[in-house]
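Novice: Got a structure for you, my_file_37.pdb, holding PDB, C-alpha atoms, pLDDT in the B column.
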ATOM      1  CA  MET H   1       0.000   0.000   0.000  1.00 71.00           C
ATOM      2  CA  LEU H   2       1.541   3.283  -1.143  1.00 69.00           C
ATOM      3  CA  PHE H   3       1.100   6.323   1.083  1.00 68.00           C
ATOM      4  CA  ALA H   4       1.291   9.835  -0.327  1.00 65.00           C
ATOM      5  CA  THR H   5       3.720  12.069   1.501  1.00 62.00           C
ATOM      6  CA  LEU H   6       1.929  15.378   1.614  1.00 57.00           C
ATOM      7  CA  LEU H   7       4.025  18.504   2.086  1.00 52.00           C
ATOM      8  CA  PHE H   8       1.331  21.118   2.443  1.00 49.00           C
ATOM      9  CA  GLY H   9       1.540  24.834   2.903  1.00 50.00           C
ATOM     10  CA  PRO H  10      -1.046  26.951   4.721  1.00 48.00           C
ATOM     11  CA  GLY H  11      -4.719  26.023   4.476  1.00 68.00           C
ATOM     12  CA  ASP H  12      -7.284  23.977   6.411  1.00 84.00           C
ATOM     13  CA  GLY H  13      -7.070  21.001   4.022  1.00 87.00           C
ATOM     14  CA  LYS H  14      -3.328  20.964   4.226  1.00 88.00           C
ATOM     15  CA  LYS H  15      -3.350  21.287   8.022  1.00 91.00           C
ATOM     16  CA  LYS H  16      -5.720  18.337   8.297  1.00 93.00           C
ATOM     17  CA  GLY H  17      -3.473  16.423   5.938  1.00 93.00           C
ATOM     18  CA  ARG H  18      -0.389  17.030   8.095  1.00 93.00           C
ATOM     19  CA  LYS H  19      -2.279  15.989  11.226  1.00 95.00           C
ATOM     20  CA  GLY H  20      -3.579  12.878   9.500  1.00 96.00           C
ATOM     21  CA  ASN H  21      -0.035  11.990   8.420  1.00 95.00           C
ATOM     22  CA  ALA H  22       1.169  12.197  12.026  1.00 96.00           C
ATOM     23  CA  LEU H  23      -1.646  10.010  13.326  1.00 97.00           C
ATOM     24  CA  TYR H  24      -1.063   7.481  10.523  1.00 96.00           C
ATOM     25  CA  ALA H  25       2.609   7.268  11.484  1.00 95.00           C
ATOM     26  CA  GLN H  26       1.504   6.496  15.043  1.00 97.00           C
ATOM     27  CA  GLU H  27      -0.749   3.698  13.631  1.00 96.00           C
ATOM     28  CA  GLN H  28      -3.861   5.562  14.818  1.00 97.00           C
ATOM     29  CA  TYR H  29      -5.582   4.797  11.546  1.00 97.00           C
ATOM     30  CA  ALA H  30      -9.199   5.579  12.472  1.00 97.00           C
ATOM     31  CA  GLU H  31      -8.197   8.997  13.850  1.00 97.00           C
ATOM     32  CA  ALA H  32      -6.045   9.599  10.800  1.00 97.00           C
ATOM     33  CA  ALA H  33      -8.976   8.768   8.505  1.00 97.00           C
ATOM     34  CA  ALA H  34     -11.122  11.307  10.312  1.00 97.00           C
ATOM     35  CA  GLU H  35      -8.523  14.051   9.752  1.00 96.00           C
ATOM     36  CA  PHE H  36      -8.098  13.137   6.082  1.00 96.00           C
ATOM     37  CA  ARG H  37     -11.884  13.349   5.597  1.00 96.00           C
ATOM     38  CA  LEU H  38     -11.855  16.856   7.020  1.00 95.00           C
ATOM     39  CA  GLY H  39      -9.020  17.747   4.693  1.00 95.00           C
ATOM     40  CA  VAL H  40     -10.900  16.343   1.659  1.00 95.00           C
ATOM     41  CA  SER H  41     -13.933  18.437   2.578  1.00 93.00           C
ATOM     42  CA  ALA H  42     -11.763  21.540   2.827  1.00 92.00           C
ATOM     43  CA  VAL H  43     -10.277  21.158  -0.672  1.00 92.00           C
ATOM     44  CA  SER H  44     -13.280  19.631  -2.440  1.00 87.00           C
ATOM     45  CA  GLU H  45     -13.879  22.833  -4.382  1.00 86.00           C
ATOM     46  CA  GLU H  46     -10.317  23.057  -5.676  1.00 84.00           C
ATOM     47  CA  GLY H  47     -10.757  20.240  -8.210  1.00 85.00           C
ATOM     48  CA  PRO H  48      -8.123  17.757  -9.447  1.00 91.00           C
ATOM     49  CA  GLY H  49      -4.615  18.191  -8.185  1.00 92.00           C
ATOM     50  CA  PRO H  50      -1.935  16.660  -5.991  1.00 92.00           C
ATOM     51  CA  VAL H  51      -3.513  17.904  -2.733  1.00 92.00           C
ATOM     52  CA  TYR H  52      -6.989  16.532  -3.438  1.00 94.00           C
ATOM     53  CA  SER H  53      -5.636  13.268  -4.884  1.00 95.00           C
ATOM     54  CA  GLY H  54      -3.131  12.881  -2.035  1.00 95.00           C
ATOM     55  CA  LEU H  55      -5.736  13.402   0.694  1.00 96.00           C
ATOM     56  CA  LEU H  56      -8.071  10.827  -0.900  1.00 97.00           C
ATOM     57  CA  ASN H  57      -5.223   8.360  -1.327  1.00 97.00           C
ATOM     58  CA  ASN H  58      -4.161   8.720   2.309  1.00 96.00           C
ATOM     59  CA  LEU H  59      -7.791   8.443   3.435  1.00 97.00           C
ATOM     60  CA  GLY H  60      -7.982   5.156   1.507  1.00 97.00           C
ATOM     61  CA  ALA H  61      -4.747   3.925   3.096  1.00 97.00           C
ATOM     62  CA  SER H  62      -6.071   4.706   6.600  1.00 97.00           C
ATOM     63  CA  LEU H  63      -9.384   2.960   5.908  1.00 97.00           C
ATOM     64  CA  TYR H  64      -7.532  -0.008   4.454  1.00 97.00           C
ATOM     65  CA  ARG H  65      -5.543  -0.326   7.677  1.00 97.00           C
ATOM     66  CA  THR H  66      -8.793  -0.380   9.699  1.00 97.00           C
ATOM     67  CA  GLY H  67     -10.059  -3.281   7.553  1.00 95.00           C
ATOM     68  CA  ASP H  68     -12.675  -1.315   5.625  1.00 97.00           C
ATOM     69  CA  THR H  69     -11.496  -2.361   2.163  1.00 96.00           C
ATOM     70  CA  GLU H  70     -14.736  -1.335   0.466  1.00 96.00           C
ATOM     71  CA  GLN H  71     -14.576   2.313   1.550  1.00 97.00           C
ATOM     72  CA  ALA H  72     -10.824   2.274   0.993  1.00 97.00           C
ATOM     73  CA  GLY H  73     -11.383   1.235  -2.616  1.00 97.00           C
ATOM     74  CA  ILE H  74     -13.840   4.092  -3.093  1.00 97.00           C
ATOM     75  CA  ALA H  75     -11.291   6.568  -1.735  1.00 97.00           C
ATOM     76  CA  PHE H  76      -8.513   5.207  -3.957  1.00 97.00           C
ATOM     77  CA  SER H  77     -10.742   5.352  -7.045  1.00 97.00           C
ATOM     78  CA  GLY H  78     -11.510   8.973  -6.207  1.00 97.00           C
ATOM     79  CA  ALA H  79      -7.808   9.671  -5.832  1.00 97.00           C
ATOM     80  CA  ALA H  80      -7.205   8.254  -9.332  1.00 97.00           C
ATOM     81  CA  GLN H  81      -9.912  10.503 -10.760  1.00 96.00           C
ATOM     82  CA  MET H  82      -8.464  13.582  -9.045  1.00 95.00           C
ATOM     83  CA  ALA H  83      -4.890  12.797 -10.129  1.00 95.00           C
ATOM     84  CA  ASN H  84      -3.317  15.138 -12.669  1.00 93.00           C
ATOM     85  CA  THR H  85       0.069  13.433 -12.889  1.00 95.00           C
ATOM     86  CA  PRO H  86       0.971   9.914 -14.042  1.00 95.00           C
ATOM     87  CA  ALA H  87       2.660   9.159 -10.732  1.00 95.00           C
ATOM     88  CA  ASP H  88      -0.458  10.048  -8.706  1.00 95.00           C
ATOM     89  CA  LEU H  89      -2.658   8.007 -11.090  1.00 97.00           C
ATOM     90  CA  VAL H  90      -0.400   4.949 -10.869  1.00 97.00           C
ATOM     91  CA  ARG H  91      -0.205   5.141  -7.071  1.00 96.00           C
ATOM     92  CA  ALA H  92      -4.012   5.485  -6.614  1.00 97.00           C
ATOM     93  CA  SER H  93      -4.829   2.805  -9.208  1.00 97.00           C
ATOM     94  CA  TYR H  94      -2.351   0.376  -7.699  1.00 97.00           C
ATOM     95  CA  ASN H  95      -3.795   0.928  -4.212  1.00 97.00           C
ATOM     96  CA  ALA H  96      -7.341   0.527  -5.547  1.00 97.00           C
ATOM     97  CA  GLY H  97      -6.290  -2.807  -7.071  1.00 97.00           C
ATOM     98  CA  ASN H  98      -4.903  -3.975  -3.740  1.00 97.00           C
ATOM     99  CA  ALA H  99      -8.117  -3.035  -1.913  1.00 97.00           C
ATOM    100  CA  ALA H 100     -10.249  -4.821  -4.500  1.00 97.00           C
ATOM    101  CA  ALA H 101      -8.056  -7.938  -4.398  1.00 96.00           C
ATOM    102  CA  THR H 102      -8.229  -8.048  -0.582  1.00 96.00           C
ATOM    103  CA  GLY H 103     -12.013  -7.803  -0.839  1.00 95.00           C
ATOM    104  CA  LYS H 104     -12.045 -10.773  -3.322  1.00 94.00           C
ATOM    105  CA  GLN H 105     -13.233  -8.501  -6.130  1.00 96.00           C
ATOM    106  CA  LEU H 106     -10.729  -9.971  -8.541  1.00 96.00           C
ATOM    107  CA  GLU H 107     -12.064  -8.581 -11.810  1.00 96.00           C
ATOM    108  CA  GLN H 108     -12.121  -5.045 -10.394  1.00 97.00           C
ATOM    109  CA  ALA H 109      -8.588  -5.522  -9.081  1.00 97.00           C
ATOM    110  CA  LEU H 110      -7.370  -6.496 -12.557  1.00 97.00           C
ATOM    111  CA  ALA H 111      -8.991  -3.386 -14.017  1.00 97.00           C
ATOM    112  CA  HIS H 112      -7.197  -1.145 -11.511  1.00 97.00           C
ATOM    113  CA  TYR H 113      -3.824  -2.839 -12.061  1.00 97.00           C
ATOM    114  CA  ARG H 114      -4.305  -2.600 -15.833  1.00 97.00           C
ATOM    115  CA  ARG H 115      -4.903   1.143 -15.557  1.00 97.00           C
ATOM    116  CA  ALA H 116      -1.737   1.507 -13.483  1.00 96.00           C
ATOM    117  CA  LEU H 117       0.277  -0.488 -16.059  1.00 97.00           C
ATOM    118  CA  LEU H 118      -1.080   1.559 -18.953  1.00 96.00           C
ATOM    119  CA  SER H 119       0.310   4.656 -17.253  1.00 95.00           C
ATOM    120  CA  ASP H 120       3.542   2.966 -16.193  1.00 96.00           C
ATOM    121  CA  PRO H 121       4.300  -0.327 -18.015  1.00 96.00           C
ATOM    122  CA  SER H 122       7.537  -0.666 -16.051  1.00 95.00           C
ATOM    123  CA  ASN H 123       5.775  -0.797 -12.677  1.00 96.00           C
ATOM    124  CA  ALA H 124       6.968  -4.162 -11.370  1.00 96.00           C
ATOM    125  CA  ASP H 125       4.619  -4.265  -8.368  1.00 96.00           C
ATOM    126  CA  ALA H 126       1.531  -3.617 -10.480  1.00 96.00           C
ATOM    127  CA  LYS H 127       2.659  -6.194 -13.040  1.00 97.00           C
ATOM    128  CA  PHE H 128       3.318  -8.854 -10.373  1.00 97.00           C
ATOM    129  CA  ASN H 129      -0.020  -8.242  -8.660  1.00 96.00           C
ATOM    130  CA  TYR H 130      -1.824  -8.301 -11.995  1.00 97.00           C
ATOM    131  CA  GLU H 131      -0.389 -11.720 -12.888  1.00 97.00           C
ATOM    132  CA  PHE H 132      -1.018 -13.056  -9.378  1.00 96.00           C
ATOM    133  CA  VAL H 133      -4.674 -11.971  -9.348  1.00 97.00           C
ATOM    134  CA  LYS H 134      -5.128 -13.190 -12.934  1.00 96.00           C
ATOM    135  CA  ARG H 135      -4.069 -16.697 -11.899  1.00 96.00           C
ATOM    136  CA  GLN H 136      -6.430 -16.531  -8.924  1.00 95.00           C
ATOM    137  CA  LEU H 137      -9.306 -15.499 -11.171  1.00 95.00           C
ATOM    138  CA  ASP H 138      -8.549 -18.258 -13.702  1.00 96.00           C
ATOM    139  CA  GLU H 139      -8.444 -20.848 -10.936  1.00 95.00           C
ATOM    140  CA  GLN H 140     -11.674 -19.548  -9.469  1.00 91.00           C
ATOM    141  CA  GLN H 141     -13.409 -19.696 -12.844  1.00 91.00           C
ATOM    142  CA  LYS H 142     -12.093 -23.222 -13.385  1.00 92.00           C
ATOM    143  CA  GLN H 143     -13.443 -24.304  -9.993  1.00 92.00           C
ATOM    144  CA  ASP H 144     -16.769 -22.658 -10.760  1.00 90.00           C
ATOM    145  CA  GLN H 145     -16.966 -24.525 -14.069  1.00 90.00           C
ATOM    146  CA  GLU H 146     -16.119 -27.820 -12.377  1.00 89.00           C
ATOM    147  CA  GLN H 147     -18.721 -27.139  -9.693  1.00 89.00           C
ATOM    148  CA  ASP H 148     -21.313 -26.306 -12.343  1.00 85.00           C
ATOM    149  CA  LYS H 149     -20.484 -29.529 -14.195  1.00 86.00           C
ATOM    150  CA  GLN H 150     -20.709 -31.503 -10.965  1.00 86.00           C
ATOM    151  CA  ASN H 151     -24.073 -29.925 -10.175  1.00 88.00           C
ATOM    152  CA  GLN H 152     -25.305 -30.732 -13.679  1.00 85.00           C
ATOM    153  CA  ASP H 153     -24.121 -34.337 -13.353  1.00 82.00           C
ATOM    154  CA  GLU H 154     -25.801 -34.655  -9.960  1.00 85.00           C
ATOM    155  CA  ASN H 155     -29.017 -33.150 -11.308  1.00 83.00           C
ATOM    156  CA  LYS H 156     -28.901 -35.517 -14.293  1.00 83.00           C
ATOM    157  CA  GLU H 157     -28.269 -38.476 -12.011  1.00 82.00           C
ATOM    158  CA  ASN H 158     -31.139 -37.453  -9.756  1.00 83.00           C
ATOM    159  CA  GLU H 159     -33.442 -37.074 -12.755  1.00 81.00           C
ATOM    160  CA  GLU H 160     -32.422 -40.479 -14.077  1.00 79.00           C
ATOM    161  CA  GLN H 161     -32.971 -41.993 -10.640  1.00 80.00           C
ATOM    162  CA  GLN H 162     -36.393 -40.385 -10.415  1.00 81.00           C
ATOM    163  CA  ASP H 163     -37.245 -41.589 -13.922  1.00 75.00           C
ATOM    164  CA  GLY H 164     -36.096 -45.092 -12.986  1.00 75.00           C
ATOM    165  CA  ASP H 165     -38.128 -45.079  -9.785  1.00 77.00           C
ATOM    166  CA  GLN H 166     -41.163 -43.779 -11.656  1.00 83.00           C
ATOM    167  CA  LYS H 167     -40.757 -46.444 -14.347  1.00 79.00           C
ATOM    168  CA  GLN H 168     -40.413 -49.152 -11.729  1.00 81.00           C
ATOM    169  CA  GLU H 169     -43.501 -47.864  -9.956  1.00 83.00           C
ATOM    170  CA  ASN H 170     -45.448 -47.750 -13.223  1.00 82.00           C
ATOM    171  CA  ASP H 171     -44.302 -51.275 -14.119  1.00 80.00           C
ATOM    172  CA  GLN H 172     -45.418 -52.523 -10.724  1.00 84.00           C
ATOM    173  CA  GLU H 173     -48.804 -50.835 -11.109  1.00 82.00           C
ATOM    174  CA  ASN H 174     -49.209 -52.376 -14.563  1.00 79.00           C
ATOM    175  CA  GLN H 175     -48.313 -55.804 -13.198  1.00 80.00           C
ATOM    176  CA  ASP H 176     -50.777 -55.390 -10.352  1.00 78.00           C
ATOM    177  CA  GLN H 177     -53.499 -54.338 -12.801  1.00 79.00           C
ATOM    178  CA  LYS H 178     -52.739 -57.293 -15.070  1.00 75.00           C
ATOM    179  CA  GLN H 179     -52.806 -59.648 -12.103  1.00 75.00           C
ATOM    180  CA  ASP H 180     -56.124 -58.201 -10.930  1.00 74.00           C
ATOM    181  CA  GLN H 181     -57.546 -58.583 -14.427  1.00 72.00           C
ATOM    182  CA  LYS H 182     -56.246 -62.141 -14.607  1.00 71.00           C
ATOM    183  CA  ASP H 183     -57.718 -63.031 -11.209  1.00 71.00           C
ATOM    184  CA  SER H 184     -61.006 -61.391 -12.155  1.00 70.00           C
ATOM    185  CA  GLY H 185     -61.057 -63.263 -15.486  1.00 67.00           C
ATOM    186  CA  GLU H 186     -60.308 -66.572 -13.825  1.00 67.00           C
ATOM    187  CA  GLN H 187     -63.047 -65.963 -11.264  1.00 69.00           C
ATOM    188  CA  ASN H 188     -65.566 -65.090 -13.985  1.00 68.00           C
ATOM    189  CA  GLN H 189     -64.544 -68.163 -15.959  1.00 70.00           C
ATOM    190  CA  GLU H 190     -65.013 -70.350 -12.899  1.00 69.00           C
ATOM    191  CA  GLN H 191     -68.443 -68.859 -12.328  1.00 69.00           C
ATOM    192  CA  GLN H 192     -69.399 -69.419 -15.962  1.00 69.00           C
ATOM    193  CA  GLU H 193     -68.149 -73.004 -15.880  1.00 65.00           C
ATOM    194  CA  GLN H 194     -70.065 -73.614 -12.682  1.00 64.00           C
ATOM    195  CA  GLN H 195     -73.239 -72.212 -14.225  1.00 63.00           C
ATOM    196  CA  GLN H 196     -72.778 -74.381 -17.321  1.00 61.00           C
ATOM    197  CA  GLN H 197     -72.264 -77.434 -15.157  1.00 58.00           C
ATOM    198  CA  ASP H 198     -75.396 -76.610 -13.195  1.00 54.00           C
ATOM    199  CA  GLN H 199     -77.384 -76.283 -16.420  1.00 56.00           C
ATOM    200  CA  GLN H 200     -75.973 -79.448 -17.998  1.00 52.00           C
ATOM    201  CA  ASP H 201     -76.154 -81.754 -14.944  1.00 51.00           C
ATOM    202  CA  PRO H 202     -79.561 -83.482 -15.052  1.00 50.00           C
ATOM    203  CA  THR H 203     -79.247 -84.636 -11.475  1.00 50.00           C
ATOM    204  CA  LYS H 204     -79.309 -81.074 -10.239  1.00 52.00           C
ATOM    205  CA  MET H 205     -82.534 -79.125 -10.160  1.00 53.00           C
ATOM    206  CA  SER H 206     -83.757 -75.992  -8.621  1.00 63.00           C
ATOM    207  CA  GLN H 207     -85.971 -75.999  -5.550  1.00 71.00           C
ATOM    208  CA  GLN H 208     -88.965 -74.906  -7.618  1.00 73.00           C
ATOM    209  CA  GLU H 209     -88.500 -77.815  -9.981  1.00 68.00           C
ATOM    210  CA  ALA H 210     -88.250 -80.236  -7.069  1.00 63.00           C
ATOM    211  CA  GLU H 211     -91.448 -78.862  -5.525  1.00 71.00           C
ATOM    212  CA  ARG H 212     -93.325 -79.213  -8.835  1.00 72.00           C
ATOM    213  CA  ILE H 213     -92.245 -82.832  -9.183  1.00 63.00           C
ATOM    214  CA  LEU H 214     -93.235 -83.573  -5.597  1.00 67.00           C
ATOM    215  CA  ASP H 215     -96.691 -82.045  -6.161  1.00 71.00           C
ATOM    216  CA  ALA H 216     -97.107 -84.148  -9.295  1.00 66.00           C
ATOM    217  CA  LEU H 217     -96.208 -87.328  -7.433  1.00 62.00           C
ATOM    218  CA  GLN H 218     -98.675 -86.537  -4.682  1.00 69.00           C
ATOM    219  CA  ASN H 219    -101.425 -85.984  -7.240  1.00 69.00           C
ATOM    220  CA  GLU H 220    -100.687 -89.341  -8.904  1.00 63.00           C
ATOM    221  CA  GLU H 221    -100.781 -91.121  -5.540  1.00 59.00           C
ATOM    222  CA  GLU H 222    -104.185 -89.613  -4.765  1.00 63.00           C
ATOM    223  CA  GLN H 223    -105.570 -90.642  -8.154  1.00 66.00           C
ATOM    224  CA  LEU H 224    -104.258 -94.180  -7.716  1.00 57.00           C
ATOM    225  CA  LEU H 225    -105.794 -94.390  -4.240  1.00 58.00           C
ATOM    226  CA  ARG H 226    -109.173 -93.316  -5.555  1.00 62.00           C
ATOM    227  CA  GLN H 227    -108.998 -95.949  -8.260  1.00 59.00           C
ATOM    228  CA  VAL H 228    -108.230 -98.656  -5.707  1.00 49.00           C
ATOM    229  CA  GLN H 229    -111.088 -97.555  -3.525  1.00 57.00           C
ATOM    230  CA  LYS H 230    -113.482 -97.787  -6.473  1.00 59.00           C
ATOM    231  CA  LEU H 231    -112.417-101.330  -7.176  1.00 50.00           C
ATOM    232  CA  LYS H 232    -113.115-102.432  -3.619  1.00 49.00           C
ATOM    233  CA  SER H 233    -116.675-101.105  -3.648  1.00 47.00           C
ATOM    234  CA  ARG H 234    -117.802-102.940  -6.755  1.00 48.00           C
ATOM    235  CA  PRO H 235    -119.102-106.636  -6.609  1.00 44.00           C
ATOM    236  CA  ARG H 236    -116.905-109.079  -8.356  1.00 46.00           C
ATOM    237  CA  ARG H 237    -118.346-110.957 -11.282  1.00 47.00           C
ATOM    238  CA  VAL H 238    -117.646-114.643 -11.880  1.00 39.00           C
ATOM    239  CA  GLU H 239    -117.319-115.445 -15.449  1.00 43.00           C
ATOM    240  CA  LYS H 240    -118.478-118.907 -16.451  1.00 39.00           C
ATOM    241  CA  ASP H 241    -116.963-120.769 -19.255  1.00 39.00           C
ATOM    242  CA  TRP H 242    -120.145-122.157 -20.710  1.00 33.00           C
TER     243      TRP H 242
END
Please render this file's structure as structure tokens.
Specialist:
Amino acid sequence: MLFATLLFGPGDGKKKGRKGNALYAQEQYAEAAAEFRLGVSAVSEEGPGPVYSGLLNNLGASLYRTGDTEQAGIAFSGAAQMANTPADLVRASYNAGNAAATGKQLEQALAHYRRALLSDPSNADAKFNYEFVKRQLDEQQKQDQEQDKQNQDENKENEEQQDGDQKQENDQENQDQKQDQKDSGEQNQEQQEQQQQDQQDPTKMSQQEAERILDALQNEEEQLLRQVQKLKSRPRRVEKDW
């Protein structure tokens, strides 16, 4: 992390900058950030320049030391915008890349390092960090692709398993239906065969038929009895043979 050494003359912004520098040197980073903010507010109307860019850069460095990499990145990006010299632009862009890389914003870090290298292609630190982050990003993308492929394979396997289970369930239902139809058909066939046997067997008769036959037999017995009684009441004739 590059810190801008600010050698200010008179002025509130410059005074706050000198005080912030002293606190930063004492590792009182939160207090230093507060002073640098006051200095930025004091020079905000001056526009781009080394004072404005330096205050924003040092504010970003103080915030970075407190662990607030997000706000540090914002301050460094502002410092790059307010820079009017290549050196200030390279320093702010490089620091913005470091903040973004620490915050795992790898693509943004590459963009900041690239801007620093465009202004100073010989900057070894920016070049090293660019290559380092580029390898990290490539590895991350590779892992993401492998994870996506693994998720797709798992989803495909789950779908195939579900399809197999559904097919097995459908096959079982079809077998059960066929078995029920077979049992029902066999039962109906048995009933039909039994009915045919009942109709064809002459020894079997319904109760109504049996009652009719019994009534007929009783009537015949009564008629026969009456005939016998008539014979007993008549005198017998003796036939002579002359």
Novice: What is the CA of Gly49 in chain H-CA of Ala80 in chain H distance in Å, reported with one decimal?
Specialist: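 Taking CA of Gly49 in chain H and CA of Ala80 in chain H, their separation equals 10.3 Å.
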Novice: Identify, on the basis of all atoms listed in the file, every residue whose closest approach to range 97-101 of chain H does not exceed 7 Å; exclude the query and any residue fewer than 4 positions from it along the same chain; express the result as JSON, numbers by chain.
Specialist: {"H": [69, 72, 73, 93, 105, 106, 108, 109, 110, 112, 113]}
Novice: Find the distance between CA of Arg114 in chain H and CA of Lys134 in chain H and write it in Å to one decimal.
Specialist: 11.0 Å
Novice: Evaluating the PyMOL selection byres ((chain H and resi 55-60) around 6) on the displayed file yields which residues, as an MDAnalysis selection string?
Specialist: chainID H and resid 3 33 36 52:54 61:64 72 75:76 79
Novice: Between CA of Ser41 in chain H and CA of Lys16 in chain H, what is the spacing in Å?
Specialist: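 Taking CA of Lys16 in chain H and CA of Ser41 in chain H, their separation equals 10.0 Å.
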Novice: H:Asp138, H:Glu173, H:Asp144, H:Asp120: which is nearest Pro86 in chain H, counting all atoms listed in the file?
Specialist: H:Asp120
Novice: Select, from H:Met1, H:Val51, H:Ala96, H:Leu89, the residue with the minimum atom-to-atom distance to Arg18 in chain H, counting only C-alpha atoms.
Specialist: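 Among H:Met1, H:Val51, H:Ala96, H:Leu89, it is H:Val51 that comes nearest to Arg18 in chain H.
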Novice: Closest to Lys14 in chain H among H:Glu139, H:Ala34, H:Asp176, H:Val40, using all atoms listed in the file?
Specialist: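 Looking only at the distances to Lys14 in chain H, the closest residue turns out to be H:Val40.
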Novice: Name the closest residue to Thr102 in chain H among the candidates H:Gln175, H:Gln208, H:Asn123, H:Asn129; distances are taken between atoms, counting all atoms listed in the file.
Specialist: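 Looking only at the distances to Thr102 in chain H, the closest residue turns out to be H:Asn129.
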Novice: May I ask which of the residues H:Leu118, H:Glu27, H:Gln71, H:Lys104 is the closest one to Leu137 in chain H, counting all atoms listed in the file?
Specialist: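 Between H:Leu118, H:Glu27, H:Gln71, H:Lys104, the residue approaching Leu137 in chain H most closely is H:Lys104.
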Novice: Return the single residue from H:Asn95, H:Thr66, H:Glu131, H:Pro50 that is closest to Ala32 in chain H, with distances computed using all atoms listed in the file.
Specialist: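 The closest residue to Ala32 in chain H is H:Thr66.
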Novice: Can you list what the PyMOL selection byres ((chain H and resi 19) around 12) grabs from this structure, as a ChimeraX atom specification?
Specialist: /H:6-8,12-18,20-26,28-29,31-39,55,58
